[in-house]
>>> print(open('input03.pdb').read())   # PDB, C-alpha atoms and all ligand atoms
ATOM      1  CA  MET A   1      20.040 -10.048  -3.924  1.00  0.00           C
ATOM      2  CA  SER A   2      16.263 -10.298  -4.179  1.00  0.00           C
ATOM      3  CA  ARG A   3      14.646  -9.204  -0.967  1.00  0.00           C
ATOM      4  CA  LYS A   4      11.676 -11.279   0.207  1.00  0.00           C
ATOM      5  CA  ARG A   5       8.434  -9.300   0.068  1.00  0.00           C
ATOM      6  CA  THR A   6       7.212  -9.404   3.650  1.00  0.00           C
ATOM      7  CA  ALA A   7       3.897  -8.472   5.247  1.00  0.00           C
ATOM      8  CA  ILE A   8       3.621  -7.642   8.943  1.00  0.00           C
ATOM      9  CA  LEU A   9       0.285  -8.399  10.602  1.00  0.00           C
ATOM     10  CA  ILE A  10      -0.566  -6.286  13.630  1.00  0.00           C
ATOM     11  CA  SER A  11      -3.506  -5.612  15.948  1.00  0.00           C
ATOM     12  CA  GLY A  12      -2.207  -2.783  18.113  1.00  0.00           C
ATOM     13  CA  ARG A  13       0.733  -0.555  18.939  1.00  0.00           C
ATOM     14  CA  GLY A  14       3.127  -2.315  16.584  1.00  0.00           C
ATOM     15  CA  SER A  15       6.443  -1.877  18.380  1.00  0.00           C
ATOM     16  CA  ASN A  16       7.757  -5.162  16.947  1.00  0.00           C
ATOM     17  CA  MET A  17       6.606  -4.015  13.509  1.00  0.00           C
ATOM     18  CA  ARG A  18       8.666  -0.840  14.015  1.00  0.00           C
ATOM     19  CA  SER A  19      11.755  -2.857  14.888  1.00  0.00           C
ATOM     20  CA  LEU A  20      11.318  -4.942  11.716  1.00  0.00           C
ATOM     21  CA  VAL A  21      10.768  -1.860   9.553  1.00  0.00           C
ATOM     22  CA  SER A  22      13.846  -0.252  11.015  1.00  0.00           C
ATOM     23  CA  ALA A  23      16.041  -3.328  10.443  1.00  0.00           C
ATOM     24  CA  ALA A  24      14.769  -3.727   6.877  1.00  0.00           C
ATOM     25  CA  LYS A  25      16.117  -0.285   6.018  1.00  0.00           C
ATOM     26  CA  ALA A  26      19.610  -1.755   5.832  1.00  0.00           C
ATOM     27  CA  GLU A  27      20.531  -2.361   2.195  1.00  0.00           C
ATOM     28  CA  ASP A  28      21.738  -5.884   2.846  1.00  0.00           C
ATOM     29  CA  PHE A  29      18.665  -6.948   4.857  1.00  0.00           C
ATOM     30  CA  PRO A  30      17.151  -9.934   3.021  1.00  0.00           C
ATOM     31  CA  ALA A  31      13.506  -8.880   3.488  1.00  0.00           C
ATOM     32  CA  GLU A  32      11.624  -5.771   2.467  1.00  0.00           C
ATOM     33  CA  ILE A  33       8.512  -4.729   4.340  1.00  0.00           C
ATOM     34  CA  ALA A  34       5.985  -4.477   1.529  1.00  0.00           C
ATOM     35  CA  LEU A  35       2.773  -4.328   3.565  1.00  0.00           C
ATOM     36  CA  VAL A  36       1.466  -3.753   7.080  1.00  0.00           C
ATOM     37  CA  LEU A  37      -1.953  -5.336   7.551  1.00  0.00           C
ATOM     38  CA  SER A  38      -4.142  -4.866  10.613  1.00  0.00           C
ATOM     39  CA  ASN A  39      -7.342  -6.548  11.716  1.00  0.00           C
ATOM     40  CA  VAL A  40      -8.127  -3.460  13.834  1.00  0.00           C
ATOM     41  CA  GLY A  41      -8.949  -0.234  12.011  1.00  0.00           C
ATOM     42  CA  ASP A  42      -7.406   2.141  14.544  1.00  0.00           C
ATOM     43  CA  ALA A  43      -4.279   0.113  15.384  1.00  0.00           C
ATOM     44  CA  ALA A  44      -1.645   2.648  16.420  1.00  0.00           C
ATOM     45  CA  GLY A  45       1.022   0.979  14.296  1.00  0.00           C
ATOM     46  CA  LEU A  46      -0.753   1.790  11.018  1.00  0.00           C
ATOM     47  CA  GLU A  47       0.056   5.485  11.185  1.00  0.00           C
ATOM     48  CA  PHE A  48       3.737   4.776  11.725  1.00  0.00           C
ATOM     49  CA  ALA A  49       3.830   2.372   8.763  1.00  0.00           C
ATOM     50  CA  SER A  50       2.165   4.749   6.329  1.00  0.00           C
ATOM     51  CA  GLY A  51       4.471   7.519   7.562  1.00  0.00           C
ATOM     52  CA  GLU A  52       7.340   5.258   6.497  1.00  0.00           C
ATOM     53  CA  GLY A  53       5.850   4.983   3.018  1.00  0.00           C
ATOM     54  CA  ILE A  54       4.769   1.361   3.522  1.00  0.00           C
ATOM     55  CA  ALA A  55       1.469   0.138   2.047  1.00  0.00           C
ATOM     56  CA  THR A  56      -1.093  -0.434   4.797  1.00  0.00           C
ATOM     57  CA  LYS A  57      -4.357  -2.295   4.731  1.00  0.00           C
ATOM     58  CA  VAL A  58      -7.121  -2.943   7.254  1.00  0.00           C
ATOM     59  CA  VAL A  59      -9.085  -6.188   7.112  1.00  0.00           C
ATOM     60  CA  GLU A  60     -11.385  -5.967  10.113  1.00  0.00           C
ATOM     61  CA  HIS A  61     -12.349  -9.363  11.439  1.00  0.00           C
ATOM     62  CA  LYS A  62     -15.522  -7.817  12.848  1.00  0.00           C
ATOM     63  CA  SER A  63     -16.797  -7.103   9.346  1.00  0.00           C
ATOM     64  CA  PHE A  64     -16.845 -10.771   8.403  1.00  0.00           C
ATOM     65  CA  ALA A  65     -19.314 -13.508   9.269  1.00  0.00           C
ATOM     66  CA  GLY A  66     -16.623 -15.903  10.461  1.00  0.00           C
ATOM     67  CA  ARG A  67     -12.972 -16.872  10.471  1.00  0.00           C
ATOM     68  CA  GLU A  68     -12.890 -18.308   6.975  1.00  0.00           C
ATOM     69  CA  PRO A  69     -14.212 -15.282   5.053  1.00  0.00           C
ATOM     70  CA  PHE A  70     -11.948 -13.029   7.153  1.00  0.00           C
ATOM     71  CA  GLU A  71      -8.885 -15.098   6.337  1.00  0.00           C
ATOM     72  CA  ARG A  72      -9.799 -15.361   2.659  1.00  0.00           C
ATOM     73  CA  ALA A  73      -9.964 -11.572   2.550  1.00  0.00           C
ATOM     74  CA  MET A  74      -6.528 -11.328   4.195  1.00  0.00           C
ATOM     75  CA  GLN A  75      -5.156 -13.920   1.804  1.00  0.00           C
ATOM     76  CA  ALA A  76      -6.451 -11.933  -1.192  1.00  0.00           C
ATOM     77  CA  VAL A  77      -4.691  -8.794   0.121  1.00  0.00           C
ATOM     78  CA  LEU A  78      -1.440 -10.679   0.701  1.00  0.00           C
ATOM     79  CA  GLU A  79      -1.579 -12.131  -2.812  1.00  0.00           C
ATOM     80  CA  SER A  80      -2.378  -8.792  -4.409  1.00  0.00           C
ATOM     81  CA  HIS A  81       0.803  -7.404  -2.803  1.00  0.00           C
ATOM     82  CA  GLY A  82       2.936 -10.330  -3.960  1.00  0.00           C
ATOM     83  CA  ILE A  83       3.784 -11.280  -0.371  1.00  0.00           C
ATOM     84  CA  GLU A  84       6.294 -14.107   0.159  1.00  0.00           C
ATOM     85  CA  LEU A  85       6.751 -14.013   3.956  1.00  0.00           C
ATOM     86  CA  VAL A  86       4.386 -13.077   6.792  1.00  0.00           C
ATOM     87  CA  CYS A  87       5.402 -11.800  10.240  1.00  0.00           C
ATOM     88  CA  LEU A  88       2.802 -11.838  12.999  1.00  0.00           C
ATOM     89  CA  ALA A  89       3.669  -9.000  15.357  1.00  0.00           C
ATOM     90  CA  GLY A  90       1.123  -8.686  18.141  1.00  0.00           C
ATOM     91  CA  PHE A  91      -1.557 -10.025  15.799  1.00  0.00           C
ATOM     92  CA  MET A  92      -4.187 -11.154  18.257  1.00  0.00           C
ATOM     93  CA  ARG A  93      -6.398 -13.452  16.157  1.00  0.00           C
ATOM     94  CA  LEU A  94      -6.113 -17.208  16.096  1.00  0.00           C
ATOM     95  CA  LEU A  95      -5.519 -18.427  12.553  1.00  0.00           C
ATOM     96  CA  SER A  96      -7.184 -21.483  11.025  1.00  0.00           C
ATOM     97  CA  PRO A  97      -5.249 -24.541   9.842  1.00  0.00           C
ATOM     98  CA  TRP A  98      -6.170 -23.548   6.260  1.00  0.00           C
ATOM     99  CA  PHE A  99      -4.396 -20.189   6.518  1.00  0.00           C
ATOM    100  CA  VAL A 100      -1.474 -21.529   8.562  1.00  0.00           C
ATOM    101  CA  GLU A 101      -0.860 -24.442   6.198  1.00  0.00           C
ATOM    102  CA  HIS A 102      -0.847 -22.095   3.239  1.00  0.00           C
ATOM    103  CA  TRP A 103       1.986 -20.111   4.878  1.00  0.00           C
ATOM    104  CA  ARG A 104       3.795 -23.015   6.565  1.00  0.00           C
ATOM    105  CA  GLY A 105       7.518 -22.315   6.701  1.00  0.00           C
ATOM    106  CA  ARG A 106       6.855 -18.759   5.510  1.00  0.00           C
ATOM    107  CA  MET A 107       5.045 -17.270   8.539  1.00  0.00           C
ATOM    108  CA  LEU A 108       6.787 -16.150  11.759  1.00  0.00           C
ATOM    109  CA  ASN A 109       5.430 -15.119  15.156  1.00  0.00           C
ATOM    110  CA  VAL A 110       6.946 -13.448  18.194  1.00  0.00           C
ATOM    111  CA  HIS A 111       5.769 -14.616  21.597  1.00  0.00           C
ATOM    112  CA  PRO A 112       6.581 -13.013  24.959  1.00  0.00           C
ATOM    113  CA  ALA A 113       7.882 -16.148  26.714  1.00  0.00           C
ATOM    114  CA  LEU A 114      10.461 -18.873  26.335  1.00  0.00           C
ATOM    115  CA  LEU A 115       8.360 -21.414  24.437  1.00  0.00           C
ATOM    116  CA  PRO A 116       7.302 -24.119  25.002  1.00  0.00           C
ATOM    117  CA  SER A 117       6.690 -22.536  28.419  1.00  0.00           C
ATOM    118  CA  TYR A 118       3.829 -20.059  28.783  1.00  0.00           C
ATOM    119  CA  ARG A 119       1.869 -20.375  25.608  1.00  0.00           C
ATOM    120  CA  GLY A 120      -1.175 -18.103  25.397  1.00  0.00           C
ATOM    121  CA  LEU A 121      -1.896 -14.842  27.156  1.00  0.00           C
ATOM    122  CA  HIS A 122      -0.663 -13.158  30.375  1.00  0.00           C
ATOM    123  CA  THR A 123       2.761 -14.773  30.116  1.00  0.00           C
ATOM    124  CA  HIS A 124       4.514 -12.313  32.449  1.00  0.00           C
ATOM    125  CA  GLU A 125       1.901 -12.622  35.212  1.00  0.00           C
ATOM    126  CA  ARG A 126       2.127 -16.412  35.012  1.00  0.00           C
ATOM    127  CA  ALA A 127       5.933 -16.449  35.018  1.00  0.00           C
ATOM    128  CA  LEU A 128       6.002 -14.218  38.109  1.00  0.00           C
ATOM    129  CA  ALA A 129       3.355 -16.337  39.865  1.00  0.00           C
ATOM    130  CA  ASP A 130       5.484 -19.440  39.236  1.00  0.00           C
ATOM    131  CA  GLY A 131       8.611 -17.754  40.562  1.00  0.00           C
ATOM    132  CA  VAL A 132      10.717 -18.617  37.527  1.00  0.00           C
ATOM    133  CA  LYS A 133      14.087 -16.894  37.480  1.00  0.00           C
ATOM    134  CA  ILE A 134      14.522 -16.886  33.711  1.00  0.00           C
ATOM    135  CA  HIS A 135      11.882 -15.643  31.292  1.00  0.00           C
ATOM    136  CA  GLY A 136      12.176 -14.332  27.754  1.00  0.00           C
ATOM    137  CA  ALA A 137      10.966 -14.144  24.185  1.00  0.00           C
ATOM    138  CA  THR A 138      10.713 -16.501  21.220  1.00  0.00           C
ATOM    139  CA  VAL A 139      10.390 -16.139  17.456  1.00  0.00           C
ATOM    140  CA  HIS A 140       9.095 -19.257  15.752  1.00  0.00           C
ATOM    141  CA  PHE A 141       7.563 -20.529  12.533  1.00  0.00           C
ATOM    142  CA  VAL A 142       3.793 -20.726  12.871  1.00  0.00           C
ATOM    143  CA  VAL A 143       2.042 -24.110  12.896  1.00  0.00           C
ATOM    144  CA  PRO A 144      -1.660 -24.817  13.445  1.00  0.00           C
ATOM    145  CA  GLU A 145      -1.166 -25.369  17.189  1.00  0.00           C
ATOM    146  CA  MET A 146      -1.166 -22.031  19.035  1.00  0.00           C
ATOM    147  CA  ASP A 147       2.225 -20.669  20.159  1.00  0.00           C
ATOM    148  CA  ALA A 148       4.063 -23.738  18.933  1.00  0.00           C
ATOM    149  CA  GLY A 149       6.279 -24.437  15.937  1.00  0.00           C
ATOM    150  CA  PRO A 150       9.976 -24.618  15.074  1.00  0.00           C
ATOM    151  CA  ILE A 151      11.937 -22.042  17.079  1.00  0.00           C
ATOM    152  CA  ILE A 152      14.188 -19.665  15.146  1.00  0.00           C
ATOM    153  CA  ALA A 153      15.498 -17.440  17.950  1.00  0.00           C
ATOM    154  CA  GLN A 154      15.085 -16.915  21.674  1.00  0.00           C
ATOM    155  CA  ALA A 155      16.354 -14.431  24.196  1.00  0.00           C
ATOM    156  CA  ALA A 156      16.421 -14.872  27.947  1.00  0.00           C
ATOM    157  CA  VAL A 157      15.709 -12.242  30.575  1.00  0.00           C
ATOM    158  CA  ALA A 158      16.577 -12.540  34.265  1.00  0.00           C
ATOM    159  CA  VAL A 159      13.527 -12.129  36.510  1.00  0.00           C
ATOM    160  CA  ARG A 160      14.109  -9.702  39.396  1.00  0.00           C
ATOM    161  CA  GLY A 161      12.640 -10.034  42.847  1.00  0.00           C
ATOM    162  CA  ASP A 162      10.857  -6.705  42.534  1.00  0.00           C
ATOM    163  CA  ASP A 163       9.511  -7.241  39.012  1.00  0.00           C
ATOM    164  CA  THR A 164       5.906  -6.481  38.207  1.00  0.00           C
ATOM    165  CA  PRO A 165       4.243  -7.831  35.041  1.00  0.00           C
ATOM    166  CA  GLU A 166       4.862  -4.388  33.526  1.00  0.00           C
ATOM    167  CA  THR A 167       8.590  -4.131  34.321  1.00  0.00           C
ATOM    168  CA  LEU A 168       9.172  -7.698  33.178  1.00  0.00           C
ATOM    169  CA  ALA A 169       7.149  -7.127  29.993  1.00  0.00           C
ATOM    170  CA  ALA A 170       9.259  -4.069  29.182  1.00  0.00           C
ATOM    171  CA  ARG A 171      12.545  -6.002  29.413  1.00  0.00           C
ATOM    172  CA  VAL A 172      11.130  -8.924  27.436  1.00  0.00           C
ATOM    173  CA  LEU A 173       9.880  -6.508  24.775  1.00  0.00           C
ATOM    174  CA  GLU A 174      13.404  -5.094  24.368  1.00  0.00           C
ATOM    175  CA  GLN A 175      14.551  -8.621  23.603  1.00  0.00           C
ATOM    176  CA  GLU A 176      11.662  -9.198  21.182  1.00  0.00           C
ATOM    177  CA  HIS A 177      12.872  -6.149  19.286  1.00  0.00           C
ATOM    178  CA  ARG A 178      16.371  -7.649  19.145  1.00  0.00           C
ATOM    179  CA  ILE A 179      15.533 -11.168  18.051  1.00  0.00           C
ATOM    180  CA  TYR A 180      12.635 -10.583  15.645  1.00  0.00           C
ATOM    181  CA  PRO A 181      14.702  -8.763  12.991  1.00  0.00           C
ATOM    182  CA  ARG A 182      17.421 -11.380  13.392  1.00  0.00           C
ATOM    183  CA  ALA A 183      14.920 -14.219  12.974  1.00  0.00           C
ATOM    184  CA  LEU A 184      13.333 -12.569   9.942  1.00  0.00           C
ATOM    185  CA  ALA A 185      16.752 -12.176   8.345  1.00  0.00           C
ATOM    186  CA  LEU A 186      17.483 -15.861   8.969  1.00  0.00           C
ATOM    187  CA  ALA A 187      14.143 -16.915   7.459  1.00  0.00           C
ATOM    188  CA  ALA A 188      14.293 -14.543   4.485  1.00  0.00           C
ATOM    189  CA  SER A 189      17.864 -15.467   3.576  1.00  0.00           C
ATOM    190  CA  GLY A 190      17.081 -19.174   3.765  1.00  0.00           C
ATOM    191  CA  ALA A 191      19.581 -19.689   6.615  1.00  0.00           C
ATOM    192  CA  ALA A 192      16.828 -20.913   8.956  1.00  0.00           C
ATOM    193  CA  ILE A 193      16.065 -24.407   7.731  1.00  0.00           C
ATOM    194  CA  VAL A 194      13.139 -26.317   9.193  1.00  0.00           C
ATOM    195  CA  GLN A 195      14.082 -29.902   9.992  1.00  0.00           C
ATOM    196  CA  GLY A 196      11.030 -31.598  11.481  1.00  0.00           C
ATOM    197  CA  GLU A 197      10.183 -29.815  14.723  1.00  0.00           C
ATOM    198  CA  ARG A 198      13.434 -27.850  14.823  1.00  0.00           C
ATOM    199  CA  VAL A 199      15.220 -25.105  12.961  1.00  0.00           C
ATOM    200  CA  ALA A 200      18.816 -25.539  11.914  1.00  0.00           C
ATOM    201  CA  ILE A 201      20.736 -22.321  11.279  1.00  0.00           C
ATOM    202  CA  ALA A 202      23.064 -22.581   8.288  1.00  0.00           C
ATOM    203  CA  GLY A 203      26.559 -21.461   9.146  1.00  0.00           C
ATOM    204  CA  GLU A 204      25.904 -21.474  12.888  1.00  0.00           C
ATOM    205  CA  PRO A 205      25.891 -25.155  13.810  1.00  0.00           C
ATOM    206  CA  ALA A 206      27.267 -24.741  17.288  1.00  0.00           C
ATOM    207  CA  VAL A 207      25.766 -21.512  18.526  1.00  0.00           C
ATOM    208  CA  GLY A 208      22.332 -21.507  16.888  1.00  0.00           C
ATOM    209  CA  ALA A 209      20.355 -18.308  17.079  1.00  0.00           C
ATOM    210  CA  ALA A 210      20.103 -18.081  20.849  1.00  0.00           C
ATOM    211  CA  LEU A 211      20.689 -14.622  22.210  1.00  0.00           C
ATOM    212  CA  VAL A 212      21.057 -14.090  25.908  1.00  0.00           C
ATOM    213  CA  SER A 213      20.227 -10.849  27.573  1.00  0.00           C
ATOM    214  CA  PRO A 214      23.301  -9.089  28.986  1.00  0.00           C
ATOM    215  CA  ALA A 215      21.361  -8.845  32.264  1.00  0.00           C
ATOM    216  CA  ILE A 216      22.200 -12.473  33.010  1.00  0.00           C
TER     217      ILE A 216
HETATM  218  C1  LIG B 301       4.320  -8.369  22.007  1.00  0.00           C
HETATM  219  O1  LIG B 301       4.806  -8.471  23.320  1.00  0.00           O
HETATM  220  C2  LIG B 301       4.124  -9.752  21.404  1.00  0.00           C
HETATM  221  O2  LIG B 301       5.108 -10.663  21.809  1.00  0.00           O
HETATM  222  C3  LIG B 301       2.774 -10.133  21.957  1.00  0.00           C
HETATM  223  O3  LIG B 301       2.004  -8.959  21.875  1.00  0.00           O
HETATM  224  C4  LIG B 301       2.876  -7.836  22.007  1.00  0.00           C
HETATM  225  C5  LIG B 301       2.637  -6.912  20.842  1.00  0.00           C
HETATM  226  O4  LIG B 301       3.329  -5.711  20.981  1.00  0.00           O
HETATM  227  N1  LIG B 301       2.212 -11.206  21.199  1.00  0.00           N
HETATM  228  C6  LIG B 301       1.528 -12.206  21.726  1.00  0.00           C
HETATM  229  O5  LIG B 301       1.248 -12.273  22.903  1.00  0.00           O
HETATM  230  C7  LIG B 301       1.059 -13.254  20.724  1.00  0.00           C
HETATM  231  N2  LIG B 301       0.839 -14.504  21.372  1.00  0.00           N
HETATM  232  P1  LIG B 301       3.624  -4.782  19.742  1.00  0.00           P
HETATM  233  O6  LIG B 301       2.270  -4.537  19.063  1.00  0.00           O
HETATM  234  O7  LIG B 301       4.156  -3.515  20.342  1.00  0.00           O
HETATM  235  O8  LIG B 301       4.590  -5.477  18.870  1.00  0.00           O
END
>>> encode(input="input03.pdb", output="structure tokens", more="lines below")
Ligand code: GAR
Amino acid sequence: MSRKRTAILISGRGSNMRSLVSAAKAEDFPAEIALVLSNVGDAAGLEFASGEGIATKVVEHKSFAGREPFERAMQAVLESHGIELVCLAGFMRLLSPWFVEHWRGRMLNVHPALLPSYRGLHTHERALADGVKIHGATVHFVVPEMDAGPIIAQAAVAVRGDDTPETLAARVLEQEHRIYPRALALAASGAAIVQGERVAIAGEPAVGAALVSPAI
């Protein structure tokens, strides 16, 4: 089996990156983490990645005159590492249509909400303010529109009456760590097939890739 050479793009602590690195240690995992790239020089996740023997690279957006030169620099790094799949994991820069189109169907993102609800930032605060009883996490293929694109996996979390944004975020993050490796495996193995706006999961026609938190 040839494992897909995968880059993880981070901006900060990198807990989702750690969950992907850990899953990819299994011999039969269809992706290998070949690169961790950060747009922030002191992102905490970089130290962990290099400690794991993974190539790391910093491409600081601040050092470039605009989005396009920044993205061209990232693209050059990805190409020089022979990257086939990209996972955004807490990567907090909006990407241009040029970059997204180049990686269409080969770039994944994790978002801390049940898309298409709560795109953007402060998802947990907004979910609590709305009084929703079910919240969660989504892994999807990236398209030019922010926090949209064919959904590969989702996990639901029950909202508690005494939740704060922090307690809710912590339970959602646990689910992100569960579904992101699963979604990457589905994408890397070719089992996640994009059909228009949706993802069909080969071999799982009835169940799909939905995972529901045991809390419900
Ligand atoms: C995660 O909760 C991820 O879903 C979120 O940032 C956090 C990064 O944590 N991403 C977004 O909000 C992107 N729209 P991590 O660095 O520990 O993985």
>>> resolve_selection(input="input03.pdb", expression="the PyMOL selection byres (((chain A and resi 161-172) around 8) and not hetatm)", output="PyMOL selection string")
chain A and resi 112-113+124-125+128+135-137+156-157+159-160+173-176
>>> write_last_selection(input="input03.pdb", atoms="C-alpha atoms", output="mmCIF file, in the coordinates of the input")
data_model
loop_
_atom_site.group_PDB
_atom_site.id
_atom_site.type_symbol
_atom_site.label_atom_id
_atom_site.label_comp_id
_atom_site.auth_asym_id
_atom_site.auth_seq_id
_atom_site.Cartn_x
_atom_site.Cartn_y
_atom_site.Cartn_z
ATOM 1 C CA PRO A 112 6.581 -13.013 24.959
ATOM 2 C CA ALA A 113 7.882 -16.148 26.714
ATOM 3 C CA HIS A 124 4.514 -12.313 32.449
ATOM 4 C CA GLU A 125 1.901 -12.622 35.212
ATOM 5 C CA LEU A 128 6.002 -14.218 38.109
ATOM 6 C CA HIS A 135 11.882 -15.643 31.292
ATOM 7 C CA GLY A 136 12.176 -14.332 27.754
ATOM 8 C CA ALA A 137 10.966 -14.144 24.185
ATOM 9 C CA ALA A 156 16.421 -14.872 27.947
ATOM 10 C CA VAL A 157 15.709 -12.242 30.575
ATOM 11 C CA VAL A 159 13.527 -12.129 36.510
ATOM 12 C CA ARG A 160 14.109 -9.702 39.396
ATOM 13 C CA LEU A 173 9.880 -6.508 24.775
ATOM 14 C CA GLU A 174 13.404 -5.094 24.368
ATOM 15 C CA GLN A 175 14.551 -8.621 23.603
ATOM 16 C CA GLU A 176 11.662 -9.198 21.182
#
>>> resolve_selection(input="input03.pdb", expression="the PyMOL selection byres (((chain A and resi 9) around 10) and not hetatm)", output="number ranges by chain")
A: 6-8, 10-12, 14, 17, 35-39, 56-58, 74, 86-92, 109
>>> resolve_selection(input="input03.pdb", expression="the PyMOL selection byres (((chain A and resi 104) around 9) and not hetatm)", output="PDB file with C-alpha atoms, in the frame of the given file")
ATOM      1  CA  PHE A  99      -4.396 -20.189   6.518  1.00  0.00           C
ATOM      2  CA  VAL A 100      -1.474 -21.529   8.562  1.00  0.00           C
ATOM      3  CA  GLU A 101      -0.860 -24.442   6.198  1.00  0.00           C
ATOM      4  CA  HIS A 102      -0.847 -22.095   3.239  1.00  0.00           C
ATOM      5  CA  TRP A 103       1.986 -20.111   4.878  1.00  0.00           C
ATOM      6  CA  GLY A 105       7.518 -22.315   6.701  1.00  0.00           C
ATOM      7  CA  ARG A 106       6.855 -18.759   5.510  1.00  0.00           C
ATOM      8  CA  MET A 107       5.045 -17.270   8.539  1.00  0.00           C
ATOM      9  CA  PHE A 141       7.563 -20.529  12.533  1.00  0.00           C
ATOM     10  CA  VAL A 142       3.793 -20.726  12.871  1.00  0.00           C
ATOM     11  CA  VAL A 143       2.042 -24.110  12.896  1.00  0.00           C
ATOM     12  CA  PRO A 144      -1.660 -24.817  13.445  1.00  0.00           C
TER      13      PRO A 144
END
>>> atom_distance(input="input03.pdb", atom1="CA of Ala153 in chain A", atom2="CA of Arg182 in chain A")
7.8 Å
>>> closest_residue(input="input03.pdb", among="A:Ala76, A:Leu46, A:Ala24, A:Val132", to="Ala188 in chain A", atoms="only C-alpha atoms")
A:Ala24
>>> atom_distance(input="input03.pdb", atom1="atom C7 of ligand LIG 301 (chain B)", atom2="CA of His122 in chain A")
9.8 Å
>>> atom_distance(input="input03.pdb", atom1="CA of Pro116 in chain A", atom2="atom O8 of ligand LIG 301 (chain B)")
19.8 Å
>>> closest_residue(input="input03.pdb", among="A:Gly51, A:Gly120, A:Pro30, A:Gly82", to="ligand LIG 301 (chain B)", atoms="only C-alpha atoms and all ligand atoms")
A:Gly120
>>> closest_residue(input="input03.pdb", among="A:Ile201, A:Val40, A:Leu121, A:Ala26", to="ligand LIG 301 (chain B)", atoms="all atoms listed in the file")
A:Leu121
>>> axis_aligned_box(input="input03.pdb", around="range 143-149 of chain A", padding_each_side="4 Å", output="AutoDock Vina command-line options")
--center_x 2.3 --center_y -23.0 --center_z 16.5 --size_x 15.9 --size_y 12.7 --size_z 15.3
>>> residues_around(input="input03.pdb", residues="range 192-199 of chain A", least_positions_apart="5", cutoff="6 Å", atoms="only C-alpha atoms", output="list in words")
Pro150, Ile152, Leu186 and Ala187 of chain A
>>> closest_residue(input="input03.pdb", among="A:Tyr118, A:Leu78, A:Ala202, A:Ser63", to="ligand LIG 301 (chain B)", atoms="all atoms listed in the file")
A:Tyr118
>>> closest_residue(input="input03.pdb", among="A:Ile179, A:Ala65, A:Ala23, A:Ala31", to="ligand LIG 301 (chain B)", atoms="all atoms listed in the file")
A:Ile179
>>> closest_residue(input="input03.pdb", among="A:Asp42, A:Phe48, A:Ser189, A:Ala55", to="Ser80 in chain A", atoms="only C-alpha atoms")
A:Ala55
>>> decode(input="input03.pdb", residues="range 157-167 of chain A", atoms="N, CA, C and O atoms", output="compact mmCIF listing (two decimals), in the first residue's frame")
# COMPACT_ATOMS: atom_id res chain seq x y z
N VAL A 157 -22.23 16.48 19.90
CA VAL A 157 -21.98 16.59 21.34
C VAL A 157 -23.25 17.18 21.95
O VAL A 157 -23.81 18.14 21.43
N ALA A 158 -23.69 16.60 23.07
CA ALA A 158 -24.86 17.15 23.76
C ALA A 158 -24.43 18.39 24.53
O ALA A 158 -23.42 18.38 25.24
N VAL A 159 -25.21 19.47 24.40
CA VAL A 159 -24.91 20.70 25.16
C VAL A 159 -25.55 20.58 26.53
O VAL A 159 -26.72 20.18 26.64
N ARG A 160 -24.79 20.89 27.58
CA ARG A 160 -25.32 20.81 28.95
C ARG A 160 -25.77 22.19 29.41
O ARG A 160 -25.23 23.20 28.99
N GLY A 161 -26.69 22.17 30.34
CA GLY A 161 -27.22 23.44 30.85
C GLY A 161 -26.16 24.30 31.50
O GLY A 161 -26.26 25.53 31.49
N ASP A 162 -25.15 23.67 32.08
CA ASP A 162 -24.12 24.45 32.78
C ASP A 162 -22.85 24.63 31.93
O ASP A 162 -21.80 25.02 32.45
N ASP A 163 -22.94 24.36 30.65
CA ASP A 163 -21.74 24.52 29.80
C ASP A 163 -21.30 25.98 29.71
O ASP A 163 -22.14 26.89 29.65
N THR A 164 -20.00 26.16 29.66
CA THR A 164 -19.41 27.44 29.29
C THR A 164 -18.78 27.21 27.91
O THR A 164 -18.61 26.05 27.49
N PRO A 165 -18.39 28.28 27.21
CA PRO A 165 -17.70 28.06 25.93
C PRO A 165 -16.50 27.14 26.10
O PRO A 165 -16.22 26.32 25.21
N GLU A 166 -15.83 27.22 27.24
CA GLU A 166 -14.62 26.41 27.45
C GLU A 166 -14.96 24.94 27.65
O GLU A 166 -14.30 24.06 27.08
N THR A 167 -15.97 24.64 28.47
CA THR A 167 -16.30 23.22 28.70
C THR A 167 -16.85 22.58 27.43
O THR A 167 -16.54 21.43 27.10
